[in-house]
file input25.cif (mmCIF, C-alpha atoms)
data_run
#
loop_
_atom_site.group_PDB
_atom_site.id
_atom_site.type_symbol
_atom_site.label_atom_id
_atom_site.label_comp_id
_atom_site.auth_asym_id
_atom_site.auth_seq_id
_atom_site.Cartn_x
_atom_site.Cartn_y
_atom_site.Cartn_z
ATOM 1 C CA MET A 1 88.300 -56.839 107.305
ATOM 2 C CA ASN A 2 89.114 -57.462 103.643
ATOM 3 C CA PHE A 3 90.360 -54.531 101.590
ATOM 4 C CA ALA A 4 90.868 -54.548 97.823
ATOM 5 C CA VAL A 5 93.356 -51.940 96.584
ATOM 6 C CA LEU A 6 92.951 -51.223 92.877
ATOM 7 C CA GLN A 7 95.960 -51.204 90.606
ATOM 8 C CA PHE A 8 96.018 -49.383 87.263
ATOM 9 C CA PRO A 9 98.956 -48.919 84.925
ATOM 10 C CA GLY A 10 100.526 -45.849 86.540
ATOM 11 C CA SER A 11 99.219 -46.337 90.084
ATOM 12 C CA ASN A 12 102.046 -45.678 92.538
ATOM 13 C CA CYS A 13 100.480 -45.566 95.998
ATOM 14 C CA ASP A 14 98.890 -49.012 95.792
ATOM 15 C CA GLN A 15 101.701 -50.796 97.663
ATOM 16 C CA ASP A 16 101.742 -48.128 100.387
ATOM 17 C CA CYS A 17 98.025 -48.632 100.997
ATOM 18 C CA VAL A 18 98.415 -52.407 101.213
ATOM 19 C CA HIS A 19 101.357 -51.945 103.609
ATOM 20 C CA VAL A 20 99.371 -49.712 105.977
ATOM 21 C CA LEU A 21 96.247 -51.875 105.937
ATOM 22 C CA LYS A 22 98.160 -55.127 106.380
ATOM 23 C CA ASN A 23 101.329 -54.430 108.316
ATOM 24 C CA VAL A 24 100.311 -51.374 110.323
ATOM 25 C CA LEU A 25 96.636 -52.086 110.981
ATOM 26 C CA GLY A 26 96.679 -55.890 110.786
ATOM 27 C CA HIS A 27 93.864 -56.386 108.307
ATOM 28 C CA SER A 28 93.697 -58.253 105.033
ATOM 29 C CA ALA A 29 94.484 -56.303 101.873
ATOM 30 C CA ARG A 30 95.152 -57.437 98.328
ATOM 31 C CA LEU A 31 95.875 -55.722 95.050
ATOM 32 C CA LEU A 32 93.164 -55.847 92.400
ATOM 33 C CA TRP A 33 94.335 -55.423 88.783
ATOM 34 C CA HIS A 34 92.333 -53.078 86.541
ATOM 35 C CA LYS A 35 91.325 -55.876 84.183
ATOM 36 C CA GLU A 36 89.427 -57.781 86.883
ATOM 37 C CA ASN A 37 85.650 -57.868 86.612
ATOM 38 C CA SER A 38 84.786 -58.333 90.270
ATOM 39 C CA VAL A 39 85.862 -57.017 93.669
ATOM 40 C CA GLY A 40 85.398 -60.545 95.014
ATOM 41 C CA ASP A 41 84.954 -60.853 98.767
ATOM 42 C CA ALA A 42 86.197 -57.331 99.523
ATOM 43 C CA ASP A 43 84.476 -55.436 102.340
ATOM 44 C CA ALA A 44 85.946 -52.172 101.113
ATOM 45 C CA VAL A 45 87.762 -50.847 98.065
ATOM 46 C CA ILE A 46 90.627 -48.348 98.055
ATOM 47 C CA VAL A 47 91.294 -46.493 94.787
ATOM 48 C CA PRO A 48 94.902 -45.418 95.309
ATOM 49 C CA GLY A 49 96.940 -42.479 94.106
ATOM 50 C CA GLY A 50 99.289 -42.282 91.162
ATOM 51 C CA PHE A 51 99.012 -41.342 87.526
ATOM 52 C CA SER A 52 96.673 -43.950 86.052
ATOM 53 C CA TYR A 53 97.149 -44.206 82.283
ATOM 54 C CA GLY A 54 99.693 -41.406 82.481
ATOM 55 C CA ASP A 55 96.947 -38.884 83.323
ATOM 56 C CA TYR A 56 96.324 -38.787 79.555
ATOM 57 C CA LEU A 57 93.264 -36.848 78.341
ATOM 58 C CA ARG A 58 92.253 -35.884 81.908
ATOM 59 C CA THR A 59 93.227 -37.293 85.283
ATOM 60 C CA GLY A 60 91.149 -40.420 85.877
ATOM 61 C CA ALA A 61 89.297 -40.188 82.550
ATOM 62 C CA ILE A 62 90.594 -43.479 81.155
ATOM 63 C CA ALA A 63 90.777 -45.469 84.404
ATOM 64 C CA ARG A 64 87.127 -44.660 84.960
ATOM 65 C CA TYR A 65 86.205 -46.969 82.038
ATOM 66 C CA SER A 66 88.374 -49.905 83.136
ATOM 67 C CA ASN A 67 86.756 -53.283 83.863
ATOM 68 C CA VAL A 68 87.420 -53.029 87.563
ATOM 69 C CA MET A 69 85.668 -49.658 87.839
ATOM 70 C CA ALA A 70 82.455 -51.184 86.499
ATOM 71 C CA ALA A 71 82.692 -53.704 89.345
ATOM 72 C CA VAL A 72 83.490 -50.943 91.865
ATOM 73 C CA THR A 73 80.478 -48.918 90.688
ATOM 74 C CA GLU A 74 78.213 -51.919 91.215
ATOM 75 C CA PHE A 75 79.810 -52.540 94.628
ATOM 76 C CA ALA A 76 79.280 -48.879 95.597
ATOM 77 C CA ASN A 77 75.681 -48.884 94.383
ATOM 78 C CA GLN A 78 75.033 -51.807 96.716
ATOM 79 C CA GLY A 79 76.377 -49.793 99.643
ATOM 80 C CA GLY A 80 79.988 -51.078 99.639
ATOM 81 C CA LEU A 81 82.651 -48.798 101.164
ATOM 82 C CA VAL A 82 84.932 -47.106 98.621
ATOM 83 C CA MET A 83 87.664 -44.571 99.341
ATOM 84 C CA GLY A 84 89.634 -42.801 96.607
ATOM 85 C CA ILE A 85 92.922 -41.125 97.439
ATOM 86 C CA CYS A 86 94.425 -38.428 95.174
ATOM 87 C CA ASN A 87 94.244 -39.949 91.666
ATOM 88 C CA GLY A 88 91.630 -42.284 93.185
ATOM 89 C CA PHE A 89 89.517 -39.226 94.089
ATOM 90 C CA GLN A 90 89.897 -37.951 90.517
ATOM 91 C CA ILE A 91 88.812 -41.345 89.150
ATOM 92 C CA LEU A 92 85.720 -41.486 91.414
ATOM 93 C CA CYS A 93 84.676 -37.992 90.248
ATOM 94 C CA GLU A 94 85.179 -38.944 86.599
ATOM 95 C CA ALA A 95 83.129 -42.100 87.212
ATOM 96 C CA GLY A 96 80.277 -40.032 88.619
ATOM 97 C CA LEU A 97 80.470 -41.817 91.980
ATOM 98 C CA LEU A 98 81.331 -38.447 93.534
ATOM 99 C CA PRO A 99 80.123 -35.026 92.359
ATOM 100 C CA GLY A 100 82.392 -32.329 90.912
ATOM 101 C CA ALA A 101 85.852 -32.520 89.350
ATOM 102 C CA LEU A 102 89.510 -31.894 90.177
ATOM 103 C CA ILE A 103 91.252 -29.340 87.982
ATOM 104 C CA ARG A 104 94.712 -27.794 87.693
ATOM 105 C CA ASN A 105 95.969 -26.184 90.921
ATOM 106 C CA ARG A 106 95.266 -22.474 90.833
ATOM 107 C CA SER A 107 98.991 -21.773 91.291
ATOM 108 C CA ILE A 108 99.867 -24.193 88.440
ATOM 109 C CA LYS A 109 102.457 -25.648 90.808
ATOM 110 C CA PHE A 110 102.677 -29.311 91.743
ATOM 111 C CA ARG A 111 102.288 -29.153 95.532
ATOM 112 C CA CYS A 112 104.048 -31.806 97.600
ATOM 113 C CA GLU A 113 103.932 -30.980 101.310
ATOM 114 C CA PHE A 114 102.192 -31.625 104.627
ATOM 115 C CA VAL A 115 98.870 -29.800 105.048
ATOM 116 C CA TRP A 116 96.341 -29.472 107.887
ATOM 117 C CA LEU A 117 92.839 -30.832 107.469
ATOM 118 C CA ARG A 118 89.737 -30.083 109.476
ATOM 119 C CA THR A 119 87.471 -33.113 109.745
ATOM 120 C CA GLY A 120 83.765 -32.713 108.963
ATOM 121 C CA PRO A 121 80.751 -34.591 110.377
ATOM 122 C CA ALA A 122 81.582 -37.844 112.180
ATOM 123 C CA ASN A 123 78.496 -39.724 110.970
ATOM 124 C CA THR A 124 80.284 -41.360 108.035
ATOM 125 C CA PRO A 125 82.359 -44.545 107.647
ATOM 126 C CA PHE A 126 85.432 -42.412 106.917
ATOM 127 C CA THR A 127 85.256 -40.018 109.866
ATOM 128 C CA CYS A 128 83.450 -41.937 112.641
ATOM 129 C CA LYS A 129 86.588 -42.196 114.800
ATOM 130 C CA ALA A 130 87.409 -38.490 114.505
ATOM 131 C CA PRO A 131 85.050 -36.081 116.285
ATOM 132 C CA GLU A 132 83.943 -33.182 114.070
ATOM 133 C CA GLY A 133 86.622 -30.491 114.001
ATOM 134 C CA THR A 134 89.551 -32.901 114.525
ATOM 135 C CA VAL A 135 92.641 -31.417 112.872
ATOM 136 C CA LEU A 136 94.859 -33.856 110.948
ATOM 137 C CA ARG A 137 98.346 -33.437 109.519
ATOM 138 C CA ILE A 138 98.562 -35.348 106.233
ATOM 139 C CA PRO A 139 100.639 -34.731 103.089
ATOM 140 C CA ILE A 140 99.418 -33.828 99.618
ATOM 141 C CA ALA A 141 101.235 -34.448 96.313
ATOM 142 C CA HIS A 142 99.320 -33.270 93.274
ATOM 143 C CA GLY A 143 99.171 -30.869 90.350
ATOM 144 C CA GLU A 144 95.450 -31.238 89.741
ATOM 145 C CA GLY A 145 93.707 -31.095 93.086
ATOM 146 C CA CYS A 146 91.618 -27.958 92.831
ATOM 147 C CA TYR A 147 88.091 -29.104 93.638
ATOM 148 C CA PHE A 148 85.426 -27.632 91.399
ATOM 149 C CA ALA A 149 81.647 -28.026 91.363
ATOM 150 C CA ASP A 150 78.786 -25.729 90.376
ATOM 151 C CA PRO A 151 77.247 -23.550 93.137
ATOM 152 C CA GLU A 152 74.195 -25.779 93.476
ATOM 153 C CA THR A 153 76.310 -28.894 94.024
ATOM 154 C CA LEU A 154 78.450 -27.055 96.594
ATOM 155 C CA LYS A 155 75.325 -25.978 98.475
ATOM 156 C CA LYS A 156 74.066 -29.560 98.521
ATOM 157 C CA LEU A 157 77.430 -30.905 99.719
ATOM 158 C CA GLU A 158 77.391 -28.474 102.623
ATOM 159 C CA ALA A 159 73.742 -29.000 103.533
ATOM 160 C CA ASN A 160 74.096 -32.801 103.515
ATOM 161 C CA GLY A 161 77.304 -32.829 105.541
ATOM 162 C CA GLN A 162 79.262 -34.347 102.652
ATOM 163 C CA ILE A 163 82.364 -32.173 103.008
ATOM 164 C CA LEU A 164 84.542 -34.456 105.126
ATOM 165 C CA TRP A 165 87.912 -32.678 105.030
ATOM 166 C CA ARG A 166 88.834 -29.028 104.453
ATOM 167 C CA TYR A 167 92.250 -27.424 104.243
ATOM 168 C CA CYS A 168 92.849 -25.383 107.376
ATOM 169 C CA ASP A 169 95.643 -23.913 109.511
ATOM 170 C CA GLU A 170 97.248 -25.684 112.444
ATOM 171 C CA GLN A 171 94.496 -24.440 114.761
ATOM 172 C CA GLY A 172 91.791 -25.819 112.474
ATOM 173 C CA LYS A 173 90.762 -22.468 111.026
ATOM 174 C CA VAL A 174 89.549 -22.869 107.435
ATOM 175 C CA GLU A 175 90.972 -19.906 105.558
ATOM 176 C CA ALA A 176 92.254 -18.959 102.116
ATOM 177 C CA GLU A 177 95.952 -19.002 103.133
ATOM 178 C CA ALA A 178 95.674 -22.662 104.128
ATOM 179 C CA ASN A 179 94.314 -23.665 100.725
ATOM 180 C CA PRO A 180 97.158 -25.244 98.705
ATOM 181 C CA ASN A 181 95.404 -25.576 95.363
ATOM 182 C CA GLY A 182 92.482 -23.171 95.086
ATOM 183 C CA SER A 183 89.783 -25.750 95.878
ATOM 184 C CA LEU A 184 86.335 -24.192 96.257
ATOM 185 C CA LEU A 185 85.295 -23.966 99.938
ATOM 186 C CA ASN A 186 88.791 -25.294 100.828
ATOM 187 C CA ILE A 187 87.520 -28.782 99.994
ATOM 188 C CA ALA A 188 90.133 -31.515 100.414
ATOM 189 C CA GLY A 189 87.694 -34.431 100.414
ATOM 190 C CA ILE A 190 84.003 -35.271 100.163
ATOM 191 C CA CYS A 191 81.622 -38.203 100.257
ATOM 192 C CA ASN A 192 78.546 -39.090 98.218
ATOM 193 C CA GLU A 193 75.002 -38.563 99.427
ATOM 194 C CA LYS A 194 74.713 -42.145 100.717
ATOM 195 C CA LYS A 195 78.033 -41.641 102.550
ATOM 196 C CA ASN A 196 79.568 -44.941 101.451
ATOM 197 C CA VAL A 197 81.937 -43.451 98.860
ATOM 198 C CA ALA A 198 84.572 -40.855 99.766
ATOM 199 C CA GLY A 199 87.495 -39.202 98.010
ATOM 200 C CA LEU A 200 90.278 -36.894 99.150
ATOM 201 C CA MET A 201 93.418 -35.382 97.655
ATOM 202 C CA PRO A 202 95.711 -35.808 100.736
ATOM 203 C CA HIS A 203 97.452 -39.162 101.282
ATOM 204 C CA PRO A 204 96.476 -40.793 104.607
ATOM 205 C CA GLU A 205 98.605 -43.849 103.727
ATOM 206 C CA ARG A 206 101.704 -41.616 103.775
ATOM 207 C CA ALA A 207 100.916 -40.485 107.314
ATOM 208 C CA SER A 208 100.076 -43.688 109.130
ATOM 209 C CA GLU A 209 103.282 -44.372 111.059
ATOM 210 C CA ASP A 210 105.192 -42.188 113.523
ATOM 211 C CA ILE A 211 108.426 -42.799 111.623
ATOM 212 C CA LEU A 212 106.883 -40.812 108.746
ATOM 213 C CA SER A 213 106.396 -37.847 111.131
ATOM 214 C CA SER A 214 102.611 -38.198 111.313
ATOM 215 C CA SER A 215 100.234 -41.063 111.956
ATOM 216 C CA ASP A 216 97.123 -38.892 111.681
ATOM 217 C CA GLY A 217 96.111 -40.633 108.444
ATOM 218 C CA ARG A 218 95.416 -43.893 110.284
ATOM 219 C CA ILE A 219 92.158 -42.534 111.654
ATOM 220 C CA LEU A 220 90.584 -42.636 108.190
ATOM 221 C CA PHE A 221 91.321 -46.345 107.725
ATOM 222 C CA GLU A 222 90.482 -47.071 111.379
ATOM 223 C CA SER A 223 87.136 -45.320 110.924
ATOM 224 C CA MET A 224 86.322 -47.582 107.979
ATOM 225 C CA ILE A 225 87.318 -50.626 110.026
ATOM 226 C CA GLN A 226 85.282 -49.574 113.062
ATOM 227 C CA TRP A 227 82.250 -48.795 110.878
ATOM 228 C CA HIS A 228 82.483 -52.175 109.166
ATOM 229 C CA CYS A 229 83.022 -54.158 112.379
ATOM 230 C CA LYS A 230 80.061 -52.485 114.111
ATOM 231 C CA LYS A 231 77.886 -53.466 111.181
ATOM 232 C CA MET B 1 86.490 -38.826 57.041
ATOM 233 C CA LYS B 2 87.946 -36.974 59.904
ATOM 234 C CA ALA B 3 86.412 -35.687 63.140
ATOM 235 C CA LYS B 4 87.791 -32.566 64.747
ATOM 236 C CA VAL B 5 86.874 -32.180 68.411
ATOM 237 C CA ILE B 6 87.595 -29.044 70.377
ATOM 238 C CA VAL B 7 87.318 -29.214 74.167
ATOM 239 C CA THR B 8 87.357 -26.001 76.191
ATOM 240 C CA PRO B 9 87.018 -25.223 79.892
ATOM 241 C CA LYS B 10 83.566 -23.902 80.825
ATOM 242 C CA LYS B 11 83.311 -20.168 81.484
ATOM 243 C CA ALA B 12 82.773 -20.652 85.221
ATOM 244 C CA VAL B 13 85.860 -22.876 85.548
ATOM 245 C CA LEU B 14 89.196 -21.348 86.494
ATOM 246 C CA ASP B 15 91.855 -21.728 83.825
ATOM 247 C CA PRO B 16 95.187 -20.937 85.503
ATOM 248 C CA GLN B 17 97.031 -22.119 82.403
ATOM 249 C CA GLY B 18 95.202 -19.570 80.260
ATOM 250 C CA LYS B 19 95.891 -16.878 82.843
ATOM 251 C CA THR B 20 99.617 -17.645 82.811
ATOM 252 C CA VAL B 21 99.753 -17.522 79.015
ATOM 253 C CA GLN B 22 97.831 -14.241 79.076
ATOM 254 C CA ASN B 23 100.453 -12.803 81.444
ATOM 255 C CA ALA B 24 103.230 -14.088 79.173
ATOM 256 C CA LEU B 25 101.619 -12.503 76.094
ATOM 257 C CA GLU B 26 101.430 -9.176 77.903
ATOM 258 C CA HIS B 27 104.994 -9.591 79.138
ATOM 259 C CA ILE B 28 106.372 -9.964 75.608
ATOM 260 C CA GLY B 29 104.434 -6.977 74.361
ATOM 261 C CA PHE B 30 101.172 -8.248 72.863
ATOM 262 C CA LYS B 31 98.635 -5.554 73.671
ATOM 263 C CA GLY B 32 94.879 -5.792 74.061
ATOM 264 C CA VAL B 33 94.636 -9.415 75.239
ATOM 265 C CA LYS B 34 91.411 -9.617 77.271
ATOM 266 C CA ASP B 35 91.397 -13.287 78.209
ATOM 267 C CA VAL B 36 93.053 -16.592 77.256
ATOM 268 C CA ARG B 37 91.416 -20.005 77.642
ATOM 269 C CA ILE B 38 93.318 -23.183 76.882
ATOM 270 C CA GLY B 39 91.587 -26.338 75.723
ATOM 271 C CA LYS B 40 92.337 -29.437 73.651
ATOM 272 C CA TYR B 41 92.131 -30.285 69.984
ATOM 273 C CA ILE B 42 91.514 -33.940 69.118
ATOM 274 C CA GLU B 43 91.650 -35.295 65.562
ATOM 275 C CA ILE B 44 90.029 -38.667 64.863
ATOM 276 C CA GLU B 45 90.330 -40.543 61.558
ATOM 277 C CA LEU B 46 87.112 -42.384 60.754
ATOM 278 C CA GLU B 47 86.054 -45.215 58.473
ATOM 279 C CA GLY B 48 82.945 -44.925 56.267
ATOM 280 C CA THR B 49 81.172 -41.997 54.576
ATOM 281 C CA ASP B 50 78.016 -41.410 56.630
ATOM 282 C CA ARG B 51 78.725 -37.974 58.079
ATOM 283 C CA GLU B 52 75.573 -37.740 60.159
ATOM 284 C CA ALA B 53 76.187 -41.075 61.852
ATOM 285 C CA ALA B 54 79.802 -40.065 62.446
ATOM 286 C CA LEU B 55 78.719 -36.780 64.012
ATOM 287 C CA ARG B 56 76.309 -38.558 66.365
ATOM 288 C CA SER B 57 78.900 -41.120 67.343
ATOM 289 C CA ILE B 58 81.677 -38.580 67.998
ATOM 290 C CA GLN B 59 79.300 -36.349 69.932
ATOM 291 C CA GLU B 60 78.519 -39.304 72.172
ATOM 292 C CA ALA B 61 82.233 -40.023 72.569
ATOM 293 C CA SER B 62 82.855 -36.365 73.400
ATOM 294 C CA HIS B 63 80.205 -36.435 76.088
ATOM 295 C CA LYS B 64 81.310 -39.786 77.518
ATOM 296 C CA ILE B 65 85.080 -39.541 77.565
ATOM 297 C CA LEU B 66 86.720 -36.856 75.405
ATOM 298 C CA SER B 67 85.339 -34.110 77.656
ATOM 299 C CA ASN B 68 84.112 -33.925 81.239
ATOM 300 C CA PRO B 69 80.730 -32.133 81.124
ATOM 301 C CA VAL B 70 81.237 -30.913 84.707
ATOM 302 C CA ILE B 71 84.110 -28.649 83.681
ATOM 303 C CA GLU B 72 84.305 -28.624 79.881
ATOM 304 C CA ASP B 73 82.344 -27.833 76.706
ATOM 305 C CA TYR B 74 83.044 -29.429 73.340
ATOM 306 C CA SER B 75 82.326 -28.921 69.672
ATOM 307 C CA VAL B 76 82.579 -31.523 66.902
ATOM 308 C CA GLU B 77 83.189 -30.999 63.209
ATOM 309 C CA ILE B 78 83.218 -33.775 60.595
ATOM 310 C CA CYS B 79 85.250 -33.123 57.456
ATOM 311 C CA ASP B 80 86.848 -35.036 54.559
#

call {"tool": "encode", "arguments": {"input": "input25.cif", "output": "structure tokens"}}
result
Amino acid sequence: MNFAVLQFPGSNCDQDCVHVLKNVLGHSARLLWHKENSVGDADAVIVPGGFSYGDYLRTGAIARYSNVMAAVTEFANQGGLVMGICNGFQILCEAGLLPGALIRNRSIKFRCEFVWLRTGPANTPFTCKAPEGTVLRIPIAHGEGCYFADPETLKKLEANGQILWRYCDEQGKVEAEANPNGSLLNIAGICNEKKNVAGLMPHPERASEDILSSSDGRILFESMIQWHCKK
Amino acid sequence: MKAKVIVTPKKAVLDPQGKTVQNALEHIGFKGVKDVRIGKYIEIELEGTDREAALRSIQEASHKILSNPVIEDYSVEICD
């Protein structure tokens, strides 16, 4: 499978994503500079974490208008698989490819730690290898990861099974104490209505090898690969 | 001409920054503070003299990039 990993000025998780996809999972992955106008022969696009354009104005606000994002939007509209991680999630929300927005953590603190995630419905390209309710241990590292959307949007997300990951405790219980940033409904990640675009604040690429104390993040990439190969 | 754009968080959106500043104001003795909301002020120098066209253009810019309509409101003022 061919992955394209976007690279903006200020991206800093791009190399980690390429490493996991290539060296850990054995697939093809290349970096795609923000000035490019096409995703080329990519089967899937990863929008990685970091601080694109210094997070100026709002997180993701400037990256969203880059050349490459126009190409990614077209790719997504044609059904292509796109996953945004951390700043990538913020960019996809700004671009309107995902509903809602990420705002300042309720605690105002930058949170950098492992969290537990409860996986949502398994009928998506990002969760198909993890049965619903699977609990994952994956780290977060963000100051602006509090998911916000209006009540109507939240209702829709729930009804359509678009909430793919929620902050939970070790046993998988979704509760306020397990919420690191104040996200509404403990949302850590969602997908769009068509289920081909997903975004999440936690970093699966930082938890894809046992040496990093968790390899739970692999299942997200492996789900995408399985989904693509079955197709 | 100059455009002055003010971007503020929507009422329904949490503003932890505003809350923290409110606490600080109370802490240093300012009484009667009911709420604090923190936004952004953007000043844009413009060419030309057509104020109406400038207003339309900056309103579009505010909607497209200077604010995020999901979480923020904006107001635009054109002045000399």

call {"tool": "closest_residue", "arguments": {"input": "input25.cif", "among": "B:Leu66, B:Ala3, B:Asp50, B:Ile58", "to": "chain A", "atoms": "only C-alpha atoms"}}
result
B:Leu66

call {"tool": "closest_residue", "arguments": {"input": "input25.cif", "among": "A:Thr127, A:Asn12, A:Asn77, A:Asn196", "to": "A:Phe221", "atoms": "all atoms listed in the file"}}
result
A:Thr127

call {"tool": "residues_around", "arguments": {"input": "input25.cif", "residues": "B:Lys2", "least_positions_apart": "3", "cutoff": "7 Å", "atoms": "all atoms listed in the file", "output": "ChimeraX atom specification"}}
result
/B:43-46,78-80

call {"tool": "interface_residues", "arguments": {"input": "input25.cif", "of": "chain A", "to": "chain B", "cutoff": "10 Å", "atoms": "all atoms listed in the file", "output": "list in words"}}
result
Leu57, Arg58, Ala61, Ile62, Arg64, Tyr65, Cys93, Glu94, Gly96, Pro99, Gly100, Ala101, Leu102, Ile103, Arg104, Asn105, Arg106, Ser107, Ile108, Cys146, Phe148, Ala149, Asp150 and Gly182 of chain A

call {"tool": "write_last_selection", "arguments": {"input": "input25.cif", "atoms": "C-alpha atoms", "output": "PDB file, in the frame of the given file"}}
result
ATOM      1  CA  LEU A  57      93.264 -36.848  78.341  1.00  0.00           C
ATOM      2  CA  ARG A  58      92.253 -35.884  81.908  1.00  0.00           C
ATOM      3  CA  ALA A  61      89.297 -40.188  82.550  1.00  0.00           C
ATOM      4  CA  ILE A  62      90.594 -43.479  81.155  1.00  0.00           C
ATOM      5  CA  ARG A  64      87.127 -44.660  84.960  1.00  0.00           C
ATOM      6  CA  TYR A  65      86.205 -46.969  82.038  1.00  0.00           C
ATOM      7  CA  CYS A  93      84.676 -37.992  90.248  1.00  0.00           C
ATOM      8  CA  GLU A  94      85.179 -38.944  86.599  1.00  0.00           C
ATOM      9  CA  GLY A  96      80.277 -40.032  88.619  1.00  0.00           C
ATOM     10  CA  PRO A  99      80.123 -35.026  92.359  1.00  0.00           C
ATOM     11  CA  GLY A 100      82.392 -32.329  90.912  1.00  0.00           C
ATOM     12  CA  ALA A 101      85.852 -32.520  89.350  1.00  0.00           C
ATOM     13  CA  LEU A 102      89.510 -31.894  90.177  1.00  0.00           C
ATOM     14  CA  ILE A 103      91.252 -29.340  87.982  1.00  0.00           C
ATOM     15  CA  ARG A 104      94.712 -27.794  87.693  1.00  0.00           C
ATOM     16  CA  ASN A 105      95.969 -26.184  90.921  1.00  0.00           C
ATOM     17  CA  ARG A 106      95.266 -22.474  90.833  1.00  0.00           C
ATOM     18  CA  SER A 107      98.991 -21.773  91.291  1.00  0.00           C
ATOM     19  CA  ILE A 108      99.867 -24.193  88.440  1.00  0.00           C
ATOM     20  CA  CYS A 146      91.618 -27.958  92.831  1.00  0.00           C
ATOM     21  CA  PHE A 148      85.426 -27.632  91.399  1.00  0.00           C
ATOM     22  CA  ALA A 149      81.647 -28.026  91.363  1.00  0.00           C
ATOM     23  CA  ASP A 150      78.786 -25.729  90.376  1.00  0.00           C
ATOM     24  CA  GLY A 182      92.482 -23.171  95.086  1.00  0.00           C
TER      25      GLY A 182
END

call {"tool": "resolve_selection", "arguments": {"input": "input25.cif", "expression": "the PyMOL selection byres ((chain A and resi 143) around 8)", "output": "VMD selection string"}}
result
chain A and resid 104 to 105 108 to 111 141 to 142 144 to 145

call {"tool": "resolve_selection", "arguments": {"input": "input25.cif", "expression": "the PyMOL selection byres ((chain B and resi 59) around 12)", "output": "number ranges by chain"}}
result
B: 3-7, 51-58, 60-67, 73-78

call {"tool": "residues_around", "arguments": {"input": "input25.cif", "residues": "stretch 130-136 of chain A", "least_positions_apart": "4", "cutoff": "12 Å", "atoms": "only C-alpha atoms", "output": "PyMOL selection string"}}
result
chain A and resi 114-126+161+163-174+188+202-204+207-208+214-224+226

call {"tool": "resolve_selection", "arguments": {"input": "input25.cif", "expression": "the PyMOL selection byres ((chain A and resi 39-54) around 7)", "output": "ChimeraX atom specification"}}
result
/A:1-6,8-14,38,55-56,60,62-63,71-72,80-88

call {"tool": "atom_distance", "arguments": {"input": "input25.cif", "atom1": "atom CA of A:Ile138", "atom2": "atom CA of A:Ile91"}}
result
20.6 Å

call {"tool": "closest_residue", "arguments": {"input": "input25.cif", "among": "A:Met201, A:Trp33, A:Ile225, A:Arg206", "to": "A:Asn181", "atoms": "all atoms listed in the file"}}
result
A:Met201

call {"tool": "atom_distance", "arguments": {"input": "input25.cif", "atom1": "atom CA of B:Pro9", "atom2": "atom CA of B:Val36"}}
result
10.9 Å

call {"tool": "atom_distance", "arguments": {"input": "input25.cif", "atom1": "atom CA of A:Gln7", "atom2": "atom CA of A:Asn67"}}
result
11.6 Å

call {"tool": "closest_residue", "arguments": {"input": "input25.cif", "among": "A:Ala159, A:Leu154, A:Leu92, A:Leu212", "to": "A:Thr59", "atoms": "all atoms listed in the file"}}
result
A:Leu92

call {"tool": "decode", "arguments": {"input": "input25.cif", "residues": "stretch 28-53 of chain B", "atoms": "C-alpha atoms", "output": "PDB file, in the first residue's frame"}}
result
ATOM      1  CA  ILE B  28      -5.438  40.984  42.654  1.00  0.00           C
ATOM      2  CA  GLY B  29      -8.515  42.705  43.996  1.00  0.00           C
ATOM      3  CA  PHE B  30     -10.636  43.783  41.024  1.00  0.00           C
ATOM      4  CA  LYS B  31     -14.212  43.407  42.214  1.00  0.00           C
ATOM      5  CA  GLY B  32     -17.383  42.816  40.236  1.00  0.00           C
ATOM      6  CA  VAL B  33     -15.885  40.944  37.264  1.00  0.00           C
ATOM      7  CA  LYS B  34     -18.709  38.775  35.891  1.00  0.00           C
ATOM      8  CA  ASP B  35     -16.973  37.139  32.948  1.00  0.00           C
ATOM      9  CA  VAL B  36     -13.855  37.500  30.777  1.00  0.00           C
ATOM     10  CA  ARG B  37     -13.624  36.385  27.147  1.00  0.00           C
ATOM     11  CA  ILE B  38     -10.364  36.592  25.241  1.00  0.00           C
ATOM     12  CA  GLY B  39     -10.250  37.038  21.488  1.00  0.00           C
ATOM     13  CA  LYS B  40      -7.953  38.495  18.831  1.00  0.00           C
ATOM     14  CA  TYR B  41      -7.498  41.914  17.311  1.00  0.00           C
ATOM     15  CA  ILE B  42      -6.187  42.023  13.738  1.00  0.00           C
ATOM     16  CA  GLU B  43      -5.192  45.249  11.977  1.00  0.00           C
ATOM     17  CA  ILE B  44      -4.903  45.206   8.182  1.00  0.00           C
ATOM     18  CA  GLU B  45      -3.523  48.092   6.107  1.00  0.00           C
ATOM     19  CA  LEU B  46      -5.367  48.381   2.805  1.00  0.00           C
ATOM     20  CA  GLU B  47      -4.761  50.018  -0.555  1.00  0.00           C
ATOM     21  CA  GLY B  48      -7.474  52.102  -2.262  1.00  0.00           C
ATOM     22  CA  THR B  49     -10.353  54.252  -0.973  1.00  0.00           C
ATOM     23  CA  ASP B  50     -13.506  52.218  -1.638  1.00  0.00           C
ATOM     24  CA  ARG B  51     -14.663  51.499   1.904  1.00  0.00           C
ATOM     25  CA  GLU B  52     -17.641  49.370   0.946  1.00  0.00           C
ATOM     26  CA  ALA B  53     -15.570  47.087  -1.259  1.00  0.00           C
TER      27      ALA B  53
END
